[in-house]
Amino acid sequence: MNCRRIEELIPLYVEGDLGEHGASDVRSHIESCEACRGLVSEYEASQAWLRAAESPDFDEAFVDTIRAGVMRELAAREAAPPFAERLRQWLAPRRLVAATAALLLIFAAVLLFVLVSRSRVSQPEEQKAGIQPPPAVENRKEGVNPEPDVKQAANQSGPRTPHRRVTLLVRHASRVAGRAAKPQEHLIAQQPPDALPAAPKLDGSDASKSANMLRIEIQTADPNIRIIWFAPKPTDAERPNPMGETL
Amino acid sequence: MASEVAEITLMTDSFRFGEAATPTDAAFAALIERARSGNAAAFEQIVIRYQRKVLATAWRMLGNEDDARDAAQEVFLRAFKYLGSFKADQDFAGWIYRITVNVCRDAGRKRSQVAFTSFEDEREAGGLDAAASSENLEAEAIRAEQRRMVTDALDTLTRKERAALVLRDLEGLPTEEVARILGTTEATVRSQVSAARAKIKQFHERLLRRARR
């Protein structure tokens with residue numbers, strides 16, 4: 001075995017890391033090779049130097065800081081368990097049920113809020129487009145008293161101005177009538193209620209109110225169906241062009 | 001963490017922890033069992049029994065006192081955490097030794113360079129025996145200087161070479177145990193310690209040449 005091969009084995013040889021066969025080869029080689037024998041001596045010296053540097057003679061108090069630190073940390077962890085442990089405790093069945101119920105309640109509340117908001121948004125849009133709740137439509141037949149519908153129409157007076165309300169009613173009536181048949185606008189008439197033969201009574205026999213109401217009749221394509229509205233008369237200030245605003 | 005547990009459970013009862021006696025006696029087994037069930041007082045006794053040895057090993061692996069102390073604390077905290085995976089037929093000393101190596105390896109990864117701690121720094125940190133008299137102060141200074149040199153020499157090694165050399169030459173573990181601890185083959189360990197010894201020899205020769213000038 002040549003020196004180059006032996007030089008590779010010497011670091012292992014000095015610490016007994018070679019097998020019996022390898023160690024025997026090195027031993028026989030260094031007996032006859034001074035350079036390799038010197039190399040073995042160098043390795044033995046450096047290994048001895050390495051081992052001579054023992055770890056520091058640690059102070060007892062310093063060593064005990066390890067125990068103190070460990071026990072302090074363990075106590076702190078016991079007081080505040082790690083996240084996984086806290087999560088597991090929190091997810092105990094009873095709490096899980098409560099949390100699920102709370103989540104469902106929140107979800108239901110949010111859903112309700114969204115639905116209400118949407119209905120509020122769509123209602124003004126419908127009003128802008130001229131869609132009104134169904135007015136008091138009377139299927140007027142011979143001998144039928146229209147008083148209940150009149151009452152309903154009279155009760156619908158709100159913050160709107162009278163001419164505006166009449167306009168909306170007429171437009172809605174046209175739309176409703178158009179669905180069933182073509183509206184016959186020539187049949188729409190505005191007449192004082194007292195000019196009509198069968199003027200309905202408003203709230204019983206309140207004549208002063210009756211004088212201030214307009215009667216609007218719409219004859220649909222069906223001769224048996226006639227739509228009648230009663231609305232407050234427009235005031236003098238509102239009289240010029242009362243329908244021009246929306247029609 | 002799972003790999004850590006797997007590594008720890010690889011330990012066998014044939015492992016020896018340097019000079020620390022392998023606690024095979026029934027009293028120690030009972031102590032471990034109590035600690036496994038969460039008894040902190042029992043675990044404290046285990047810490048007291050092994051803390052100096054763990055500290056010394058960590059110091060060899062890391063090269064300075066503060067890092068070694070922090071590593072030693074982490075070793076015992078991990079030991080407590082994974083005590084449930086420790087098997088009764090395992091060697092506890094070997095098991096905790098394995099954790100020490102893993103902790104020091106992690107600590108070595110975290111820092112780019114091993115910090116050098118001078119003798120004065122060690123004194124200030126209270127790591128050295130404060131009761132040392134003025135007569136042996138000089139001897140202690142010489143030993144501290146020697147430790148510093150060895151630490152510098154170990155710093156020339158790669159982390160793997162250093163771990164293999166410390167375990168094999170300074171802790172005196174058999175090659176097969178070193179391979180098991182490091183999770184590698186015996187051939188690799190032999191290669192690593194061979195390269196490490198060569199680097200230590202070169203460092204030592206440079207010191208000698210400097211001393212002769």
# chains A, B, ... in the order shown; residues from 1 in each chain; ligands from 1

$ closest_atom_pairs --of "chain B" --to "chain A" --cutoff "7 Å" --atoms "only C-alpha atoms" --output "JSON lines"
{"residue": "B:Glu44", "atom": "CA", "partner": "A:Arg67", "partner_atom": "CA", "distance": 6.9}
{"residue": "B:Val47", "atom": "CA", "partner": "A:Arg67", "partner_atom": "CA", "distance": 6.1}
{"residue": "B:Ile48", "atom": "CA", "partner": "A:Arg67", "partner_atom": "CA", "distance": 6.5}
{"residue": "B:Gln51", "atom": "CA", "partner": "A:Val63", "partner_atom": "CA", "distance": 6.9}
{"residue": "B:Arg52", "atom": "CA", "partner": "A:Val63", "partner_atom": "CA", "distance": 6.2}
{"residue": "B:Ala56", "atom": "CA", "partner": "A:Ser55", "partner_atom": "CA", "distance": 6.0}
{"residue": "B:Trp59", "atom": "CA", "partner": "A:Ser55", "partner_atom": "CA", "distance": 7.0}
{"residue": "B:Arg60", "atom": "CA", "partner": "A:Ser55", "partner_atom": "CA", "distance": 6.8}
{"residue": "B:Arg69", "atom": "CA", "partner": "A:Ile66", "partner_atom": "CA", "distance": 6.5}
{"residue": "B:Ala72", "atom": "CA", "partner": "A:Ile66", "partner_atom": "CA", "distance": 6.8}
{"residue": "B:Gln73", "atom": "CA", "partner": "A:Ile66", "partner_atom": "CA", "distance": 5.4}
{"residue": "B:Phe76", "atom": "CA", "partner": "A:Val70", "partner_atom": "CA", "distance": 6.8}
{"residue": "B:Leu77", "atom": "CA", "partner": "A:Val70", "partner_atom": "CA", "distance": 6.3}
{"residue": "B:Gly126", "atom": "CA", "partner": "A:Phe62", "partner_atom": "CA", "distance": 6.5}
{"residue": "B:Gly127", "atom": "CA", "partner": "A:Phe58", "partner_atom": "CA", "distance": 5.5}
{"residue": "B:Leu128", "atom": "CA", "partner": "A:Phe58", "partner_atom": "CA", "distance": 5.1}
{"residue": "B:Asp129", "atom": "CA", "partner": "A:Asp59", "partner_atom": "CA", "distance": 4.4}
{"residue": "B:Ala130", "atom": "CA", "partner": "A:Asp59", "partner_atom": "CA", "distance": 6.8}
{"residue": "B:Arg143", "atom": "CA", "partner": "A:Ala53", "partner_atom": "CA", "distance": 7.0}
{"residue": "B:Gln146", "atom": "CA", "partner": "A:Ala53", "partner_atom": "CA", "distance": 5.8}
{"residue": "B:Arg147", "atom": "CA", "partner": "A:Ala53", "partner_atom": "CA", "distance": 5.1}
{"residue": "B:Val150", "atom": "CA", "partner": "A:Leu50", "partner_atom": "CA", "distance": 6.2}
{"residue": "B:Leu170", "atom": "CA", "partner": "A:Arg51", "partner_atom": "CA", "distance": 6.4}
{"residue": "B:Ser194", "atom": "CA", "partner": "A:Pro11", "partner_atom": "CA", "distance": 5.2}
{"residue": "B:Arg197", "atom": "CA", "partner": "A:Pro11", "partner_atom": "CA", "distance": 6.3}
{"residue": "B:Ala198", "atom": "CA", "partner": "A:Pro11", "partner_atom": "CA", "distance": 6.8}
{"residue": "B:Ile200", "atom": "CA", "partner": "A:Ser46", "partner_atom": "CA", "distance": 6.7}
{"residue": "B:Lys201", "atom": "CA", "partner": "A:Ser46", "partner_atom": "CA", "distance": 5.2}
{"residue": "B:His204", "atom": "CA", "partner": "A:Ser46", "partner_atom": "CA", "distance": 5.9}

$ residues_around --residues "Glu33 of chain B" --least-positions-apart "5" --cutoff "9 Å" --atoms "only C-alpha atoms" --output "ChimeraX atom specification"
/B:28,38-39,42,88

$ write_last_selection --atoms "all heavy atoms" --output "PDB file, in the first residue's frame"
ATOM      1  N   PHE B  28     -35.273   5.272  39.326  1.00  0.00           N
ATOM      2  CA  PHE B  28     -35.249   6.257  38.248  1.00  0.00           C
ATOM      3  C   PHE B  28     -36.358   5.978  37.243  1.00  0.00           C
ATOM      4  O   PHE B  28     -36.967   6.910  36.695  1.00  0.00           O
ATOM      5  CB  PHE B  28     -33.887   6.250  37.552  1.00  0.00           C
ATOM      6  CG  PHE B  28     -33.710   7.403  36.612  1.00  0.00           C
ATOM      7  CD1 PHE B  28     -33.383   8.661  37.087  1.00  0.00           C
ATOM      8  CD2 PHE B  28     -33.897   7.245  35.248  1.00  0.00           C
ATOM      9  CE1 PHE B  28     -33.250   9.737  36.225  1.00  0.00           C
ATOM     10  CE2 PHE B  28     -33.764   8.315  34.378  1.00  0.00           C
ATOM     11  CZ  PHE B  28     -33.442   9.569  34.873  1.00  0.00           C
ATOM     12  N   GLY B  38     -46.916  13.769  33.973  1.00  0.00           N
ATOM     13  CA  GLY B  38     -47.092  15.208  34.144  1.00  0.00           C
ATOM     14  C   GLY B  38     -46.632  15.746  35.480  1.00  0.00           C
ATOM     15  O   GLY B  38     -46.889  16.904  35.803  1.00  0.00           O
ATOM     16  N   ASN B  39     -45.957  14.915  36.253  1.00  0.00           N
ATOM     17  CA  ASN B  39     -45.486  15.366  37.565  1.00  0.00           C
ATOM     18  C   ASN B  39     -44.251  16.248  37.382  1.00  0.00           C
ATOM     19  O   ASN B  39     -43.166  15.779  37.031  1.00  0.00           O
ATOM     20  CB  ASN B  39     -45.153  14.138  38.417  1.00  0.00           C
ATOM     21  CG  ASN B  39     -44.823  14.510  39.847  1.00  0.00           C
ATOM     22  OD1 ASN B  39     -44.203  15.531  40.103  1.00  0.00           O
ATOM     23  ND2 ASN B  39     -45.248  13.677  40.773  1.00  0.00           N
ATOM     24  N   ALA B  42     -41.172  15.512  39.653  1.00  0.00           N
ATOM     25  CA  ALA B  42     -40.373  14.369  39.201  1.00  0.00           C
ATOM     26  C   ALA B  42     -39.485  14.776  38.031  1.00  0.00           C
ATOM     27  O   ALA B  42     -38.306  14.400  37.958  1.00  0.00           O
ATOM     28  CB  ALA B  42     -41.305  13.221  38.799  1.00  0.00           C
ATOM     29  N   ALA B  88     -40.361   2.769  27.833  1.00  0.00           N
ATOM     30  CA  ALA B  88     -39.727   2.330  29.071  1.00  0.00           C
ATOM     31  C   ALA B  88     -38.461   1.522  28.814  1.00  0.00           C
ATOM     32  O   ALA B  88     -37.533   1.530  29.634  1.00  0.00           O
ATOM     33  CB  ALA B  88     -40.727   1.514  29.891  1.00  0.00           C
TER      34      ALA B  88
END

$ closest_residue --among "B:Val193, B:Ala79, B:Cys104, B:Ala27" --to "Tyr50 of chain B" --atoms "only C-alpha atoms"
B:Ala79
